[in-house]
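**Student:** Sharing a structure below in structure tokens format, with a few things to ask.
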Amino acid sequence: MLTMIGTMHIDATDRLILSLLEENARMSTAELARRGGLSRTTVQSRIERLERGGAIAGYAVVMGAAARDAIRAHVMITLTPRHVASVEDALRQFPEIRELHAVSGHVDMIAVVGAQTTEAINDAIDRIGMLQGVDRTNSVIVLSTRIARQGPATGSLTRHRTR
């Protein structure tokens with residue numbers, strides 16, 4: 001079965017390689033070949049093609065519990081008219097902001113804020129609320145993460161239990 005990612009065709013062999021790399025991005029070409037029942041040359045050429053085609057955008061470190069934020073909050077931000085760009089620019093300067101999403105609905109943005117203490121989270125939320133162009137904020141603290149998916153390519157699921 002072929003799958004399209006952008007303009008690139010992804011077949012079962014590509015999905016197998018992506019799945020193995022998703023499991024361990026540091027796996028050697030020889031190990032990928034052994035586990036996939038493929039030749040090393042096939043694995044290497046497939047990886048190069050997947051990188052060129054954008055199916056593999058990079059390789060990253062997945063931080064363990066010891067390095068992650070102790071506390072995360074989702075901060076829903078409602079803006080006053082015509083302040084999206086200035087608020088976004090200001091929020092880029094907040095080291096506590098892990099992600100910022102423009103969203104549809106009754107709020108304009110959702111910021112994922114992370115820190116080691118509730119005091120640091122509270123301080124960041126207060127600073128967000130004081131920005132010119134922010135009408136109001138509403139926040140929720142993440143108690144635990146039950147499902148975390150990294151992408152649709154292989155359909156894998158990583159189960160996280162935090163706190």
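Letters A, B, ... go to the chains of the structure tokens in the order shown; residues in each chain start at 1; ligands are counted from 1 in the same order.
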Give me the residues near Asn138 in chain A as a list in words, where near means some atom within 10 Å (using only C-alpha atoms) and where sequence neighbours in that chain fewer than 2 positions away do not count.
**Tutor:** His74, Val75, Met76, Ile77, Thr78, Val107, Ile110, Ile125, Gly129, Arg136 and Val140 of chain A
**Student:** Extract the full set of helix (DSSP H, G or I) residues from range 6-49 of chain A according to DSSP on the backbone, and format it as a PyMOL selection string.
**Tutor:** chain A and resi 12-23+29-36+40-49
**Student:** I need the chosen residues saved as a compact mmCIF listing (two decimals), in the first residue's frame, with N, CA, C and O atoms.
**Tutor:**
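After the write, part_27.txt holds the following:
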# COMPACT_ATOMS: atom_id res chain seq x y z
N ALA A 12 5.39 0.36 2.14
CA ALA A 12 5.50 -0.43 3.37
C ALA A 12 6.94 -0.46 3.88
O ALA A 12 7.18 -0.43 5.10
N THR A 13 7.92 -0.53 2.98
CA THR A 13 9.33 -0.54 3.41
C THR A 13 9.70 0.79 4.05
O THR A 13 10.37 0.83 5.08
N ASP A 14 9.25 1.88 3.43
CA ASP A 14 9.51 3.21 4.02
C ASP A 14 8.86 3.32 5.40
O ASP A 14 9.47 3.82 6.35
N ARG A 15 7.62 2.83 5.51
CA ARG A 15 6.92 2.89 6.81
C ARG A 15 7.65 2.07 7.86
O ARG A 15 7.74 2.46 9.02
N LEU A 16 8.20 0.92 7.45
CA LEU A 16 8.96 0.09 8.38
C LEU A 16 10.20 0.84 8.87
O LEU A 16 10.47 0.89 10.07
N ILE A 17 10.93 1.45 7.96
CA ILE A 17 12.13 2.22 8.34
C ILE A 17 11.75 3.39 9.24
O ILE A 17 12.39 3.63 10.27
N LEU A 18 10.70 4.10 8.88
CA LEU A 18 10.24 5.23 9.72
C LEU A 18 9.84 4.75 11.11
O LEU A 18 10.15 5.40 12.11
N SER A 19 9.17 3.63 11.17
CA SER A 19 8.75 3.08 12.46
C SER A 19 9.95 2.72 13.33
O SER A 19 9.99 3.01 14.53
N LEU A 20 10.95 2.09 12.71
CA LEU A 20 12.16 1.73 13.46
C LEU A 20 12.91 2.98 13.93
O LEU A 20 13.40 3.03 15.06
N LEU A 21 12.99 3.98 13.07
CA LEU A 21 13.67 5.23 13.45
C LEU A 21 12.88 5.98 14.52
O LEU A 21 13.47 6.63 15.39
N GLU A 22 11.57 5.88 14.45
CA GLU A 22 10.74 6.52 15.47
C GLU A 22 10.97 5.87 16.83
O GLU A 22 10.99 6.53 17.86
N GLU A 23 11.20 4.57 16.81
CA GLU A 23 11.49 3.81 18.03
C GLU A 23 12.85 4.23 18.60
O GLU A 23 13.02 4.36 19.80
N THR A 29 22.48 2.07 10.56
CA THR A 29 21.97 1.54 9.30
C THR A 29 22.02 0.02 9.30
O THR A 29 21.08 -0.64 8.84
N ALA A 30 23.09 -0.54 9.84
CA ALA A 30 23.22 -2.00 9.89
C ALA A 30 22.11 -2.61 10.75
O ALA A 30 21.52 -3.64 10.38
N GLU A 31 21.81 -2.00 11.89
CA GLU A 31 20.75 -2.51 12.76
C GLU A 31 19.38 -2.35 12.11
O GLU A 31 18.53 -3.24 12.19
N LEU A 32 19.15 -1.21 11.45
CA LEU A 32 17.89 -1.02 10.72
C LEU A 32 17.72 -2.10 9.66
O LEU A 32 16.64 -2.67 9.51
N ALA A 33 18.81 -2.38 8.93
CA ALA A 33 18.76 -3.40 7.88
C ALA A 33 18.47 -4.77 8.48
O ALA A 33 17.62 -5.51 7.97
N ARG A 34 19.14 -5.10 9.57
CA ARG A 34 18.95 -6.40 10.22
C ARG A 34 17.52 -6.54 10.70
O ARG A 34 16.84 -7.54 10.43
N ARG A 35 17.00 -5.55 11.41
CA ARG A 35 15.65 -5.62 11.97
C ARG A 35 14.57 -5.57 10.91
O ARG A 35 13.47 -6.09 11.10
N GLY A 36 14.88 -4.92 9.78
CA GLY A 36 13.90 -4.81 8.71
C GLY A 36 14.01 -5.87 7.64
O GLY A 36 13.20 -5.91 6.73
N ARG A 40 21.78 -3.07 3.76
CA ARG A 40 22.21 -1.76 4.27
C ARG A 40 22.09 -0.70 3.18
O ARG A 40 21.71 0.44 3.45
N THR A 41 22.42 -1.05 1.95
CA THR A 41 22.33 -0.07 0.85
C THR A 41 20.90 0.37 0.64
O THR A 41 20.65 1.55 0.41
N THR A 42 19.96 -0.57 0.71
CA THR A 42 18.55 -0.22 0.56
C THR A 42 18.12 0.73 1.67
O THR A 42 17.48 1.76 1.42
N VAL A 43 18.50 0.42 2.90
CA VAL A 43 18.14 1.27 4.04
C VAL A 43 18.72 2.66 3.86
O VAL A 43 18.02 3.67 4.01
N GLN A 44 20.01 2.74 3.52
CA GLN A 44 20.67 4.03 3.37
C GLN A 44 20.02 4.86 2.26
O GLN A 44 19.74 6.04 2.44
N SER A 45 19.75 4.25 1.12
CA SER A 45 19.15 5.00 0.02
C SER A 45 17.73 5.43 0.36
O SER A 45 17.29 6.53 0.00
N ARG A 46 16.99 4.57 1.05
CA ARG A 46 15.62 4.93 1.46
C ARG A 46 15.65 6.11 2.44
O ARG A 46 14.85 7.04 2.33
N ILE A 47 16.55 6.07 3.41
CA ILE A 47 16.65 7.16 4.39
C ILE A 47 17.00 8.47 3.68
O ILE A 47 16.39 9.51 3.96
N GLU A 48 17.95 8.42 2.77
CA GLU A 48 18.33 9.63 2.03
C GLU A 48 17.15 10.18 1.24
O GLU A 48 16.90 11.39 1.22
N ARG A 49 16.37 9.30 0.60
CA ARG A 49 15.20 9.72 -0.16
C ARG A 49 14.13 10.30 0.77
O ARG A 49 13.52 11.33 0.47
**Student:** Here is a test: counting only C-alpha atoms, which residue of A:Ala124, A:Leu50, A:Ala25, A:Leu91 is nearest to Val62 in chain A?
**Tutor:**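 The answer is A:Ala25, which sits nearest to Val62 in chain A.
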**Student:** Would you give me, as a list of chain:residue names, the residues in range 1-114 of chain A that DSSP reads as strand (DSSP E or B)?
**Tutor:**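 Across range 1-114 of chain A, those assigned strand (DSSP E or B) are A:Thr3, A:Met4, A:Ile5, A:Met8, A:His9, A:Ile10, A:Ile71, A:Arg72, A:Ala73, A:His74, A:Val75, A:Met76, A:Ile77, A:Thr78, A:Leu79, A:Ile97, A:Arg98, A:Glu99, A:Leu100, A:His101, A:Ala102, A:Met109, A:Ile110, A:Ala111, A:Val112, A:Val113, A:Gly114.
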**Student:** May I have the residues from that selection written out with N, CA and C atoms, as a tab-separated table (two decimals), in the first residue's frame?
**Tutor:**
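See again-v4.tsv below for the written result:
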chain	number	residue	atom	x	y	z
A	3	THR	N	1.34	5.34	0.45
A	3	THR	CA	0.79	6.49	1.14
A	3	THR	C	1.48	7.71	0.56
A	4	MET	N	0.76	8.81	0.46
A	4	MET	CA	1.35	10.06	-0.01
A	4	MET	C	1.66	10.95	1.18
A	5	ILE	N	2.88	11.43	1.26
A	5	ILE	CA	3.24	12.48	2.21
A	5	ILE	C	3.73	13.63	1.34
A	8	MET	N	5.39	12.89	-2.04
A	8	MET	CA	6.25	11.72	-1.94
A	8	MET	C	5.42	10.46	-1.66
A	9	HIS	N	5.74	9.38	-2.36
A	9	HIS	CA	5.08	8.10	-2.12
A	9	HIS	C	5.82	7.35	-1.02
A	10	ILE	N	5.09	6.90	-0.02
A	10	ILE	CA	5.65	6.14	1.10
A	10	ILE	C	5.07	4.74	1.02
A	71	ILE	N	5.82	21.08	35.57
A	71	ILE	CA	4.44	21.52	35.45
A	71	ILE	C	4.24	22.17	34.08
A	72	ARG	N	3.11	21.87	33.48
A	72	ARG	CA	2.74	22.51	32.21
A	72	ARG	C	1.33	23.06	32.34
A	73	ALA	N	1.10	24.16	31.63
A	73	ALA	CA	-0.23	24.75	31.60
A	73	ALA	C	-0.57	25.11	30.16
A	74	HIS	N	-1.84	25.01	29.83
A	74	HIS	CA	-2.34	25.49	28.55
A	74	HIS	C	-3.04	26.82	28.85
A	75	VAL	N	-2.55	27.87	28.22
A	75	VAL	CA	-3.08	29.21	28.47
A	75	VAL	C	-3.84	29.66	27.23
A	76	MET	N	-5.15	29.81	27.37
A	76	MET	CA	-5.98	30.29	26.28
A	76	MET	C	-5.94	31.81	26.32
A	77	ILE	N	-5.63	32.42	25.20
A	77	ILE	CA	-5.41	33.87	25.14
A	77	ILE	C	-6.42	34.49	24.18
A	78	THR	N	-7.16	35.48	24.68
A	78	THR	CA	-8.08	36.25	23.85
A	78	THR	C	-7.44	37.62	23.61
A	79	LEU	N	-7.37	38.01	22.36
A	79	LEU	CA	-6.69	39.25	21.98
A	79	LEU	C	-7.69	40.36	21.66
A	97	ILE	N	7.39	29.51	27.33
A	97	ILE	CA	6.43	29.06	26.32
A	97	ILE	C	7.07	27.98	25.46
A	98	ARG	N	6.47	26.79	25.51
A	98	ARG	CA	6.97	25.63	24.76
A	98	ARG	C	6.35	25.56	23.37
A	99	GLU	N	5.07	25.96	23.26
A	99	GLU	CA	4.36	25.95	21.99
A	99	GLU	C	3.38	27.11	21.99
A	100	LEU	N	3.12	27.65	20.79
A	100	LEU	CA	2.10	28.68	20.65
A	100	LEU	C	1.27	28.34	19.42
A	101	HIS	N	-0.04	28.25	19.61
A	101	HIS	CA	-0.95	27.86	18.53
A	101	HIS	C	-1.94	28.98	18.27
A	102	ALA	N	-2.16	29.31	16.99
A	102	ALA	CA	-3.28	30.16	16.59
A	102	ALA	C	-4.45	29.21	16.41
A	109	MET	N	-5.43	32.33	20.69
A	109	MET	CA	-4.18	31.58	20.78
A	109	MET	C	-4.22	30.66	21.99
A	110	ILE	N	-3.45	29.58	21.89
A	110	ILE	CA	-3.21	28.74	23.06
A	110	ILE	C	-1.71	28.60	23.20
A	111	ALA	N	-1.20	28.96	24.37
A	111	ALA	CA	0.22	28.83	24.67
A	111	ALA	C	0.39	27.66	25.63
A	112	VAL	N	1.36	26.80	25.34
A	112	VAL	CA	1.72	25.74	26.27
A	112	VAL	C	2.93	26.27	27.04
A	113	VAL	N	2.74	26.41	28.34
A	113	VAL	CA	3.75	27.00	29.21
A	113	VAL	C	4.30	25.91	30.11
A	114	GLY	N	5.63	25.87	30.26
A	114	GLY	CA	6.25	24.86	31.11
A	114	GLY	C	7.24	25.48	32.07
**Student:** Can you tell me, as a list in words, what residues are no more than 9 Å from range 83-90 of chain A when counting only C-alpha atoms, ignoring any on the same chain fewer than 6 positions away?
**Tutor:** Leu100, Asp108, Met109, Ile128, Leu131, Gln132, Gly133 and Val134 of chain A
**Student:** Can you spit out the residues from that selection as a tab-separated table (two decimals), in the first residue's frame, using all heavy atoms?
**Tutor:**
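Writing done, so here's out10.tsv:
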chain	number	residue	atom	x	y	z
A	100	LEU	N	3.12	27.65	20.79
A	100	LEU	CA	2.10	28.68	20.65
A	100	LEU	C	1.27	28.34	19.42
A	100	LEU	O	1.81	28.14	18.34
A	100	LEU	CB	2.73	30.07	20.49
A	100	LEU	CG	1.75	31.23	20.35
A	100	LEU	CD1	0.89	31.38	21.60
A	100	LEU	CD2	2.50	32.52	20.06
A	108	ASP	N	-8.09	33.19	20.75
A	108	ASP	CA	-7.28	33.43	19.56
A	108	ASP	C	-6.00	32.59	19.52
A	108	ASP	O	-5.54	32.22	18.45
A	108	ASP	CB	-6.91	34.91	19.47
A	108	ASP	CG	-8.15	35.78	19.40
A	108	ASP	OD1	-8.89	35.64	18.42
A	108	ASP	OD2	-8.38	36.57	20.34
A	109	MET	N	-5.43	32.33	20.69
A	109	MET	CA	-4.18	31.58	20.78
A	109	MET	C	-4.22	30.66	21.99
A	109	MET	O	-4.91	30.94	22.97
A	109	MET	CB	-2.98	32.52	20.96
A	109	MET	CG	-2.71	33.44	19.82
A	109	MET	SD	-1.30	34.51	20.24
A	109	MET	CE	-0.94	35.18	18.64
A	128	ILE	N	1.87	37.24	30.64
A	128	ILE	CA	1.11	37.13	29.39
A	128	ILE	C	-0.11	38.05	29.47
A	128	ILE	O	-0.40	38.81	28.54
A	128	ILE	CB	0.67	35.67	29.12
A	128	ILE	CG1	1.88	34.81	28.78
A	128	ILE	CG2	-0.38	35.62	28.00
A	128	ILE	CD1	1.59	33.31	28.75
A	131	LEU	N	0.42	41.82	28.75
A	131	LEU	CA	0.86	42.28	27.43
A	131	LEU	C	-0.20	43.16	26.79
A	131	LEU	O	-1.40	42.86	26.86
A	131	LEU	CB	1.15	41.09	26.51
A	131	LEU	CG	2.35	40.23	26.83
A	131	LEU	CD1	2.39	39.02	25.90
A	131	LEU	CD2	3.64	41.04	26.71
A	132	GLN	N	0.25	44.24	26.14
A	132	GLN	CA	-0.67	45.08	25.39
A	132	GLN	C	-1.25	44.25	24.25
A	132	GLN	O	-0.51	43.59	23.51
A	132	GLN	CB	0.04	46.30	24.84
A	132	GLN	CG	-0.92	47.23	24.13
A	132	GLN	CD	-0.27	48.54	23.73
A	132	GLN	OE1	0.88	48.79	24.03
A	132	GLN	NE2	-1.03	49.36	23.03
A	133	GLY	N	-2.55	44.26	24.14
A	133	GLY	CA	-3.23	43.48	23.10
A	133	GLY	C	-3.86	42.20	23.63
A	133	GLY	O	-4.63	41.56	22.93
A	134	VAL	N	-3.54	41.83	24.87
A	134	VAL	CA	-4.17	40.65	25.47
A	134	VAL	C	-5.38	41.13	26.26
A	134	VAL	O	-5.26	41.92	27.19
A	134	VAL	CB	-3.18	39.87	26.38
A	134	VAL	CG1	-3.91	38.78	27.15
A	134	VAL	CG2	-2.05	39.29	25.56
**Student:** If you measure from CA of Thr117 in chain A to CA of Thr145 in chain A, what distance in Å do you get, rounded to one decimal?
**Tutor:**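 Pair CA of Thr117 in chain A / CA of Thr145 in chain A returns 17.6 Å.
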